[in-house]
Structure formats: structure tokens, C-alpha cells
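Below is the file entry_20.cif, which contains mmCIF, C-alpha atoms.
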data_final
loop_
_atom_site.label_atom_id
_atom_site.label_comp_id
_atom_site.auth_asym_id
_atom_site.auth_seq_id
_atom_site.Cartn_x
_atom_site.Cartn_y
_atom_site.Cartn_z
CA MET A 1 31.02 -3.90 -11.78
CA ASN A 2 28.03 -2.60 -9.78
CA LYS A 3 25.66 -5.25 -8.48
CA VAL A 4 22.22 -4.22 -9.65
CA LEU A 5 19.05 -5.67 -8.18
CA VAL A 6 15.87 -5.22 -10.21
CA THR A 7 12.81 -5.66 -8.02
CA VAL A 8 9.10 -5.57 -8.89
CA GLY A 9 7.45 -6.44 -5.55
CA THR A 10 4.53 -8.80 -5.26
CA THR A 11 2.88 -8.24 -8.64
CA LYS A 12 4.41 -8.43 -12.13
CA PHE A 13 6.22 -5.96 -14.33
CA ASP A 14 7.19 -8.07 -17.33
CA SER A 15 7.95 -5.19 -19.68
CA LEU A 16 10.66 -3.89 -17.34
CA ILE A 17 12.20 -7.31 -16.78
CA LYS A 18 12.22 -8.13 -20.51
CA TYR A 19 13.73 -4.76 -21.42
CA LEU A 20 16.60 -5.06 -18.94
CA ASP A 21 17.18 -8.75 -19.65
CA GLU A 22 18.03 -7.82 -23.21
CA VAL A 23 20.63 -5.25 -22.15
CA ALA A 24 24.14 -6.68 -22.04
CA GLY A 25 27.05 -5.59 -19.89
CA TYR A 26 25.46 -5.31 -16.44
CA ASN A 27 25.47 -7.44 -13.32
CA PHE A 28 21.69 -7.72 -12.91
CA THR A 29 19.74 -9.92 -10.53
CA PHE A 30 16.00 -9.95 -11.10
CA GLN A 31 13.21 -10.38 -8.56
CA ILE A 32 10.28 -10.98 -10.89
CA GLY A 33 7.32 -11.54 -8.55
CA ASN A 34 4.39 -13.14 -10.35
CA GLY A 35 5.75 -12.20 -13.77
CA GLU A 36 5.26 -14.48 -16.76
CA TYR A 37 8.48 -13.49 -18.50
CA THR A 38 11.52 -15.27 -17.09
CA PRO A 39 14.95 -13.73 -17.77
CA LYS A 40 17.26 -15.63 -20.11
CA ASN A 41 20.50 -13.79 -19.56
CA TYR A 42 20.70 -13.04 -15.85
CA HIS A 43 19.98 -14.72 -12.51
CA PHE A 44 16.44 -14.31 -11.26
CA PHE A 45 14.10 -15.36 -8.46
CA ARG A 46 10.43 -14.75 -7.82
CA PHE A 47 10.19 -13.98 -4.11
CA SER A 48 12.52 -14.25 -1.13
CA GLU A 49 11.89 -14.17 2.57
CA ASN A 50 15.33 -12.59 2.85
CA ILE A 51 14.80 -9.86 0.30
CA SER A 52 16.54 -7.37 2.61
CA GLU A 53 19.75 -9.41 2.18
CA TYR A 54 19.50 -8.85 -1.57
CA TYR A 55 18.92 -5.16 -0.91
CA LYS A 56 22.02 -4.98 1.30
CA LYS A 57 24.26 -6.69 -1.26
CA ALA A 58 23.16 -4.54 -4.20
CA ASP A 59 25.00 -1.35 -5.09
CA VAL A 60 22.09 -0.03 -7.12
CA ILE A 61 18.44 -1.02 -7.09
CA ILE A 62 16.06 -0.56 -9.99
CA SER A 63 12.67 -0.76 -8.35
CA HIS A 64 9.00 -0.50 -9.11
CA ALA A 65 7.55 2.44 -7.19
CA GLY A 66 5.74 0.46 -4.49
CA ALA A 67 5.75 2.27 -1.16
CA GLY A 68 6.90 -0.69 0.93
CA THR A 69 9.90 -1.45 -1.25
CA LEU A 70 10.95 2.16 -1.68
CA TYR A 71 10.75 3.13 1.99
CA SER A 72 12.73 0.01 2.97
CA LEU A 73 15.44 0.81 0.43
CA LEU A 74 15.68 4.48 1.34
CA ARG A 75 16.04 3.69 5.02
CA MET A 76 19.01 1.52 4.01
CA HIS A 77 20.43 4.56 2.14
CA LYS A 78 20.47 2.71 -1.17
CA LYS A 79 20.80 4.26 -4.59
CA VAL A 80 17.41 3.69 -6.15
CA LEU A 81 16.14 4.18 -9.67
CA MET A 82 12.34 4.15 -9.54
CA VAL A 83 10.22 2.91 -12.42
CA PRO A 84 6.46 3.23 -11.76
CA ASN A 85 4.66 0.11 -12.86
CA LEU A 86 2.29 1.40 -15.51
CA GLU A 87 1.17 -2.14 -16.33
CA ARG A 88 -1.10 -1.69 -13.34
CA ARG A 89 -4.36 0.02 -14.16
CA ASP A 90 -4.15 2.22 -11.07
CA LYS A 91 -1.34 4.72 -11.58
CA HIS A 92 -0.63 5.63 -7.96
CA GLN A 93 3.04 4.58 -8.25
CA VAL A 94 3.68 7.71 -10.26
CA GLU A 95 2.71 9.86 -7.28
CA ILE A 96 5.28 8.42 -4.90
CA ALA A 97 7.99 8.38 -7.60
CA GLU A 98 7.32 12.02 -8.38
CA TYR A 99 7.46 12.94 -4.70
CA LEU A 100 10.67 11.06 -3.84
CA ASP A 101 12.34 12.38 -6.99
CA SER A 102 11.39 15.95 -6.05
CA MET A 103 12.94 15.38 -2.61
CA GLY A 104 16.13 14.08 -4.24
CA CYS A 105 15.91 10.77 -2.35
CA ALA A 106 15.68 8.55 -5.44
CA LYS A 107 15.66 8.97 -9.20
CA TRP A 108 12.41 8.65 -11.15
CA CYS A 109 12.91 7.04 -14.58
CA LYS A 110 10.06 8.11 -16.82
CA SER A 111 11.00 5.64 -19.53
CA PHE A 112 13.04 2.44 -19.70
CA ASP A 113 15.67 4.23 -21.76
CA GLU A 114 16.16 6.67 -18.88
CA ILE A 115 17.19 3.75 -16.66
CA LEU A 116 20.25 3.12 -18.80
CA THR A 117 21.07 6.83 -19.04
CA ASN A 118 20.98 7.07 -15.26
CA MET A 119 23.01 3.88 -14.85
CA ILE A 120 25.90 5.54 -16.67
CA ASN A 121 26.01 8.34 -14.08
CA ILE A 122 24.90 6.41 -11.04
CA SER A 123 28.30 6.28 -9.33
CA THR A 124 28.51 10.08 -9.20
CA MET A 125 24.84 10.73 -8.37
CA GLN A 126 24.12 12.20 -4.96
CA PHE A 127 20.91 11.31 -3.15
CA SER A 128 19.30 13.02 -0.16
CA ILE A 129 18.67 11.03 3.00
CA TYR A 130 15.04 10.07 3.36
CA GLU A 131 13.75 11.13 6.76
CA SER A 132 10.60 9.69 8.27
CA ASP A 133 9.16 8.82 11.65
CA ASP A 134 8.10 5.34 12.65
CA PHE A 135 4.39 5.01 13.35
CA PHE A 136 3.79 6.33 16.89
CA LYS A 137 0.00 6.20 17.24
CA PHE A 138 -0.45 2.56 18.26
CA ASP A 139 -1.23 3.43 21.87
CA GLU A 140 -3.63 6.20 20.91
CA ILE A 141 -5.54 3.91 18.53
CA THR A 142 -5.55 1.15 21.13
CA GLN A 143 -7.22 3.51 23.59
CA LEU A 144 -9.83 4.43 21.00
CA LEU A 145 -10.68 0.79 20.26
CA ILE A 146 -11.25 -0.46 23.82
CA MET B 1 -16.78 -8.27 29.61
CA SER B 2 -17.31 -9.46 26.04
CA LYS B 3 -14.73 -8.71 23.40
CA ARG B 4 -15.23 -5.81 21.04
CA ASN B 5 -15.21 -6.56 17.33
CA VAL B 6 -13.04 -4.36 15.16
CA LEU B 7 -13.38 -4.34 11.37
CA LEU B 8 -10.03 -3.89 9.61
CA ILE B 9 -10.28 -2.72 5.99
CA TYR B 10 -7.27 -3.09 3.71
CA GLY B 11 -6.31 -3.66 0.11
CA GLU B 12 -3.49 -5.54 -1.55
CA GLY B 13 0.26 -4.88 -1.79
CA GLY B 14 1.31 -1.90 0.34
CA HIS B 15 -2.15 -1.60 1.95
CA ARG B 16 -1.92 -5.19 3.12
CA ALA B 17 1.64 -4.72 4.36
CA GLU B 18 0.59 -1.68 6.36
CA MET B 19 -2.40 -3.43 7.87
CA SER B 20 -0.26 -6.43 8.83
CA ILE B 21 2.02 -4.15 10.85
CA LEU B 22 -0.89 -2.24 12.38
CA TYR B 23 -2.76 -5.43 13.27
CA LYS B 24 0.30 -7.05 14.81
CA ASN B 25 0.90 -4.06 17.05
CA LEU B 26 -2.75 -3.59 18.00
CA SER B 27 -3.36 -7.25 18.73
CA ASN B 28 -0.24 -7.41 20.90
CA ARG B 29 -1.75 -4.65 23.01
CA ILE B 30 -5.43 -5.61 23.07
CA LYS B 31 -5.88 -9.19 21.89
CA ASN B 32 -7.76 -10.00 25.09
CA ASN B 33 -10.21 -7.16 24.48
CA CYS B 34 -10.87 -7.29 20.75
CA ASN B 35 -11.52 -9.62 17.85
CA PHE B 36 -10.25 -8.42 14.49
CA ILE B 37 -12.33 -9.09 11.41
CA GLY B 38 -10.78 -8.36 8.02
CA LEU B 39 -12.34 -6.85 4.93
CA CYS B 40 -9.95 -7.07 2.01
CA GLU B 41 -9.90 -7.04 -1.79
CA ASN B 42 -8.98 -9.81 -4.23
CA GLY B 43 -8.77 -12.38 -1.47
CA ASP B 44 -5.36 -11.09 -0.38
CA SER B 45 -6.15 -11.60 3.28
CA ILE B 46 -4.15 -11.64 6.50
CA PRO B 47 -4.61 -15.25 7.71
CA SER B 48 -4.23 -14.59 11.45
CA LEU B 49 -7.35 -12.42 11.67
CA THR B 50 -10.43 -13.88 13.38
CA LYS B 51 -12.25 -13.93 10.04
CA ASN B 52 -11.67 -12.43 6.59
CA TYR B 53 -14.23 -11.24 4.08
CA ASN B 54 -13.56 -10.31 0.49
CA MET B 55 -15.06 -7.10 -0.90
CA PRO B 56 -15.53 -6.33 -4.60
CA VAL B 57 -13.55 -3.37 -5.93
CA ILE B 58 -15.41 -0.64 -7.79
CA GLY B 59 -12.52 1.57 -8.77
CA VAL B 60 -9.68 2.25 -11.08
CA LYS B 61 -8.59 -1.31 -11.71
CA TYR B 62 -11.24 -1.66 -14.39
CA SER B 63 -11.98 0.03 -17.69
CA THR B 64 -14.07 3.20 -17.49
CA ILE B 65 -17.36 1.68 -18.70
CA ARG B 66 -16.96 -1.33 -16.47
CA MET B 67 -16.12 0.96 -13.56
CA TYR B 68 -19.28 3.04 -14.02
CA LEU B 69 -21.39 -0.11 -14.25
CA ARG B 70 -19.79 -1.46 -11.10
CA ALA B 71 -20.36 1.88 -9.37
CA ILE B 72 -24.09 1.42 -10.02
CA TYR B 73 -24.69 -2.20 -9.13
CA LEU B 74 -22.02 -2.88 -6.49
CA PRO B 75 -22.88 -0.44 -3.66
CA PRO B 76 -26.14 -2.25 -2.69
CA ILE B 77 -24.27 -5.56 -2.73
CA ILE B 78 -21.47 -4.11 -0.59
CA LEU B 79 -23.92 -2.54 1.87
CA PHE B 80 -25.76 -5.86 2.16
CA ARG B 81 -22.53 -7.72 2.84
CA VAL B 82 -21.49 -5.17 5.47
CA TRP B 83 -24.92 -5.45 7.09
CA ARG B 84 -24.48 -9.24 7.29
CA ILE B 85 -21.03 -8.91 8.82
CA ASP B 86 -22.34 -6.33 11.29
CA SER B 87 -25.33 -8.52 12.15
CA LYS B 88 -23.01 -11.37 12.95
CA TYR B 89 -20.29 -9.49 14.84
CA ASN B 90 -21.87 -6.26 16.07
CA ILE B 91 -18.92 -4.17 14.93
CA SER B 92 -17.74 -1.52 17.38
CA SER B 93 -14.97 0.14 15.37
CA VAL B 94 -13.62 0.32 11.83
CA VAL B 95 -9.95 0.83 11.02
CA SER B 96 -8.85 1.38 7.43
CA VAL B 97 -5.42 1.91 5.90
CA GLY B 98 -6.62 3.72 2.83
CA PRO B 99 -8.06 1.58 0.03
CA GLY B 100 -11.13 2.67 -1.93
CA ILE B 101 -13.09 -0.28 -0.56
CA SER B 102 -13.23 1.60 2.76
CA ILE B 103 -15.79 4.08 1.48
CA TRP B 104 -19.06 2.13 1.33
CA PRO B 105 -18.62 0.18 4.59
CA SER B 106 -17.80 3.48 6.32
CA ILE B 107 -20.91 5.12 4.82
CA TYR B 108 -22.96 2.18 6.08
CA PHE B 109 -21.76 2.65 9.65
CA ARG B 110 -22.05 6.42 9.53
CA LEU B 111 -25.65 6.15 8.30
CA PHE B 112 -26.98 3.19 10.24
CA LYS B 113 -24.73 2.85 13.30
CA SER B 114 -23.36 6.23 14.17
CA LYS B 115 -21.79 5.02 17.42
CA VAL B 116 -19.26 2.94 15.49
CA LEU B 117 -15.86 4.62 15.61
CA ILE B 118 -14.25 5.04 12.18
CA ILE B 119 -10.48 5.42 12.05
CA PHE B 120 -8.85 6.11 8.70
CA ILE B 121 -5.10 6.05 8.10
CA GLU B 122 -4.16 7.44 4.70
CA ASN B 123 -1.76 5.16 2.83
CA SER B 124 1.93 6.05 3.09
CA CYS B 125 2.30 6.33 -0.68
CA LYS B 126 -0.05 9.31 -0.72
CA HIS B 127 1.51 12.74 -0.80
CA LYS B 128 -1.43 14.51 -2.43
CA LYS B 129 -5.16 14.56 -1.76
CA SER B 130 -6.70 11.26 -2.85
CA TYR B 131 -10.26 10.48 -3.93
CA THR B 132 -10.72 8.06 -1.03
CA GLY B 133 -9.04 10.41 1.43
CA ARG B 134 -11.30 13.29 0.42
CA ILE B 135 -14.42 11.26 1.20
CA MET B 136 -13.07 9.53 4.28
CA HIS B 137 -11.96 12.87 5.72
CA GLN B 138 -15.65 13.75 5.93
CA ILE B 139 -16.71 10.40 7.38
CA ALA B 140 -13.95 9.28 9.76
CA ASN B 141 -13.87 10.17 13.45
CA LYS B 142 -10.09 10.12 13.35
CA PHE B 143 -8.12 10.79 10.19
CA TYR B 144 -4.40 10.03 10.29
CA VAL B 145 -1.80 10.80 7.64
CA GLN B 146 1.58 9.14 7.31
CA ASN B 147 3.22 12.02 5.46
CA ARG B 148 3.57 15.52 6.90
CA SER B 149 2.88 17.02 3.46
CA LEU B 150 -0.79 16.04 3.90
CA LEU B 151 -1.28 18.06 7.07
CA SER B 152 -1.88 21.19 5.02
CA VAL B 153 -4.20 19.33 2.66
CA TYR B 154 -6.65 17.83 5.16
CA LYS B 155 -7.99 20.15 7.85
CA HIS B 156 -8.51 17.51 10.55
CA ALA B 157 -5.53 15.31 9.74
CA ILE B 158 -3.34 13.95 12.51
CA TYR B 159 0.25 13.02 11.71
CA SER B 160 1.05 9.43 12.72
CA GLY B 161 4.47 8.53 11.33
CA GLN B 162 4.85 5.70 8.84
CA LEU B 163 3.78 2.09 9.16
CA LEU B 164 6.07 0.79 6.40
#
Can you turn what I pasted into C-alpha cells?
Amino acid sequence: MNKVLVTVGTTKFDSLIKYLDEVAGYNFTFQIGNGEYTPKNYHFFRFSENISEYYKKADVIISHAGAGTLYSLLRMHKKVLMVPNLERRDKHQVEIAEYLDSMGCAKWCKSFDEILTNMINISTMQFSIYESDDFFKFDEITQLLI
Amino acid sequence: MSKRNVLLIYGEGGHRAEMSILYKNLSNRIKNNCNFIGLCENGDSIPSLTKNYNMPVIGVKYSTIRMYLRAIYLPPIILFRVWRIDSKYNISSVVSVGPGISIWPSIYFRLFKSKVLIIFIENSCKHKKSYTGRIMHQIANKFYVQNRSLLSVYKHAIYSGQLL
């Protein structure tokens, strides 16, 4: 059975955690951040300094659409289902989910039900490799500042 | 020679993560030449900075009515706070990684201290023109983008690669 990590970053995304906690038949591990809802049916933790170890061990990651988390996962060539956190008042997570989905690098789930639909097909899904450059303007900015 | 004081403006979450990486790399190169003063939102500060100040958020995190009210009464408060910080540190440069709280401090320096260098790095999650980016593109001396897709959107944008 696929190991599935559900990760919500540094804030909270209780509706997602609660929804998935009530779905039986998966091997979920939840990273719940500052969430108030604590899962009853699967293992969970709030934060980890070794979150990349959890990323490595997971076959599939269901993630909020935070830039830091997504870019880290895509550089590790992970299969990622993105769920923008609409509990936040600012909706900027939709923008990055829309973009990465259009590039074929990760799958944007527009509803919680879509997560489960995608989970059924996840083993056959093909994802594009995310290509990016590391930041290379440190020296230039340094010169500007001194 | 006295150290130059650089104001770093960042938000929470991904903004903070980006600024942490930027600060670490800049301070490794020029810690003997510069002090770094932070301006952040919601108290989510980077502890290793010389000093951190919290800045109230006007924007989208509040309901519409509350946001409009804040847009009226907060700018003078923000400008006053920036003036106090500038009076204390004599800021020489501003570096921002994209949050909306960058706008008013940058306007302050553009209006009252035009020699201050303003560097804006659009957040890596942005792939379209943003409200903050649109304004900061007019104000900043250097405007960097972390995604190539924005090069065609902002006339003076410089591609920088990604911090995260």
C-alpha cells in the first residue's frame, strides 16, 4: 500500500485533515501544523525538523499549495496532489497550484473529493520534471548593498 | 567605516523562508559591512537579525470593510513607524521578498530619502502580476523575479532564480 504523507506546512488546514482522517483504507501520515483537529485514525505529528525524511519515505504527498513545500517536493521528484488552503483569507495558493498543474508537475485537486479520485489513478499518473534555477543573484545584491 | 543598515521586509510562511535564505547568504558575505534590521508581519520574525519590528497588515487577510478601514488609518501609523526606525538606524537600503507590507515603507523612502536603494524580489509563488508587484515595479531600483514567466509581465524585471 502506498505511503501517503499529508502535509499542511506551518499554518492549519483542519478541513483537509478531518476529511482524510475519516477515509478508511489508506496508509496516511498527517503533518497537521498548528491545526486544532487531531486525527483519530492515523498517525500524525505537528512539525518535524526532519520533514524531508518524511518526504523521502512517502510514495505520494497530499500537500497544501505553499511554495516552499511544493518546490521542495518537486525537486525530489515526488508525486504531489496539491490542495490550496482556502481556509486562509488570502487565496494565493490557488495561483501556484494552477501554474504547476498547467505545467504537469503536480496535480491540483479543486475539491477534497478529487483527492480520492486522483489517488485511485496515482500509480499510473505521469508528472513532468520541475525545472528551476537556484538563486544566483546573491553577489549582485551584495555589491548593491555595500 | 561605519556599518550600513539594511532594512529587510518579509512576511510569514514562504516569505519568511525566502528571507531567511537570502539573509543567511547576504550576511555570510557582508556581515562586517552591514547590520540587518527586520520588518515583518504578525511577529513571525527571524531571530538572528540585529533588530526586528512588527508591521500591521492592511491587506487581504481581513474582511473587506475592515480592510478599507485599515487602508485609511494604517498608512500614517506605518509611515510614522518607518520614520522612527529610519531616525534610529539611518537606513541605507531596503530589501523585500514580496509581501504587501513592503509598499508603504518603500513609498516613505522613495518620497523622503530618495538615495535609499530599494530592492524588491517577487515571491516565488507568483506566476502572474501581483498587486504588490505592480506597485513595487514602479518604486524599486532593482526588481527581481524568481519565475521566468514574469519576465514578459514586468518591463524592468531581472530573473534571479529561486530562493526556495
* Mind telling me what the PyMOL selection byres ((chain B and resi 122) around 9) catches here, as a PyMOL selection string? -> chain B and resi 96-99+120-121+123-126+130+132-133+143-147
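Within 6 Å of chain B, and counting all atoms listed in the file, chain A contributes Ala67, Gly68, Arg89, Asp90, Ile96, Asp133, Asp134, Phe135, Phe136 and Lys137 of chain A.
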* **Output of the PyMOL selection byres ((chain A and resi 37-53) around 9), listed as a list in words** => Gly9, Thr10, Phe13, Asp14, Ser15, Ile17, Lys18, Leu20, Asp21, Glu22, Val23, Ala24, Asn27, Phe28, Thr29, Phe30, Gln31, Ile32, Gly33, Asn34, Gly35, Glu36, Tyr54, Tyr55, Lys56, Lys57, Ala58, Ser72 and Leu73 of chain A
* Residue IDs satisfying the PyMOL selection byres ((chain B and resi 42) around 12), as JSON, numbers by chain -> {"B": [10, 11, 12, 13, 16, 39, 40, 41, 43, 44, 45, 46, 52, 53, 54, 55, 56, 57, 58, 61, 101]}
* To do: Find the residues around A:Val83 up to 10 Å (all atoms listed in the file counted), leave out those fewer than 6 positions away in its own chain, and share them as a ChimeraX atom specification.
  => /A:7-8,13,16,62-66,93-94,97,107-112,114-115
Atoms kept (C-alpha atoms) for selection, written as a PDB file, keeping the file's coordinate frame:
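Generated output (out35.pdb):
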ATOM      1  CA  THR A   7      12.810  -5.660  -8.020  1.00  0.00           C
ATOM      2  CA  VAL A   8       9.100  -5.570  -8.890  1.00  0.00           C
ATOM      3  CA  PHE A  13       6.220  -5.960 -14.330  1.00  0.00           C
ATOM      4  CA  LEU A  16      10.660  -3.890 -17.340  1.00  0.00           C
ATOM      5  CA  ILE A  62      16.060  -0.560  -9.990  1.00  0.00           C
ATOM      6  CA  SER A  63      12.670  -0.760  -8.350  1.00  0.00           C
ATOM      7  CA  HIS A  64       9.000  -0.500  -9.110  1.00  0.00           C
ATOM      8  CA  ALA A  65       7.550   2.440  -7.190  1.00  0.00           C
ATOM      9  CA  GLY A  66       5.740   0.460  -4.490  1.00  0.00           C
ATOM     10  CA  GLN A  93       3.040   4.580  -8.250  1.00  0.00           C
ATOM     11  CA  VAL A  94       3.680   7.710 -10.260  1.00  0.00           C
ATOM     12  CA  ALA A  97       7.990   8.380  -7.600  1.00  0.00           C
ATOM     13  CA  LYS A 107      15.660   8.970  -9.200  1.00  0.00           C
ATOM     14  CA  TRP A 108      12.410   8.650 -11.150  1.00  0.00           C
ATOM     15  CA  CYS A 109      12.910   7.040 -14.580  1.00  0.00           C
ATOM     16  CA  LYS A 110      10.060   8.110 -16.820  1.00  0.00           C
ATOM     17  CA  SER A 111      11.000   5.640 -19.530  1.00  0.00           C
ATOM     18  CA  PHE A 112      13.040   2.440 -19.700  1.00  0.00           C
ATOM     19  CA  GLU A 114      16.160   6.670 -18.880  1.00  0.00           C
ATOM     20  CA  ILE A 115      17.190   3.750 -16.660  1.00  0.00           C
TER      21      ILE A 115
END
* Closest to A:Pro84 among A:Asp113, A:Asp59, A:Glu131, A:Glu98, using all atoms listed in the file? -> A:Glu98
* To do: Have a look at atom CA of B:Leu79 and atom CA of B:Met67 and let me know their distance in Å, one decimal.
  =>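 Taking atom CA of B:Leu79 and atom CA of B:Met67, their separation equals 17.6 Å.
Atom CA of A:Met76 sits 12.2 Å away from atom CA of A:Ala106.
Distance-wise, atom CA of A:Ile129 and atom CA of A:Val60 end up 15.4 Å apart.
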* **Counting all atoms listed in the file, the option among B:Leu74, B:Leu150, B:Ile91, B:Phe80 closest to A:Leu145** => B:Ile91
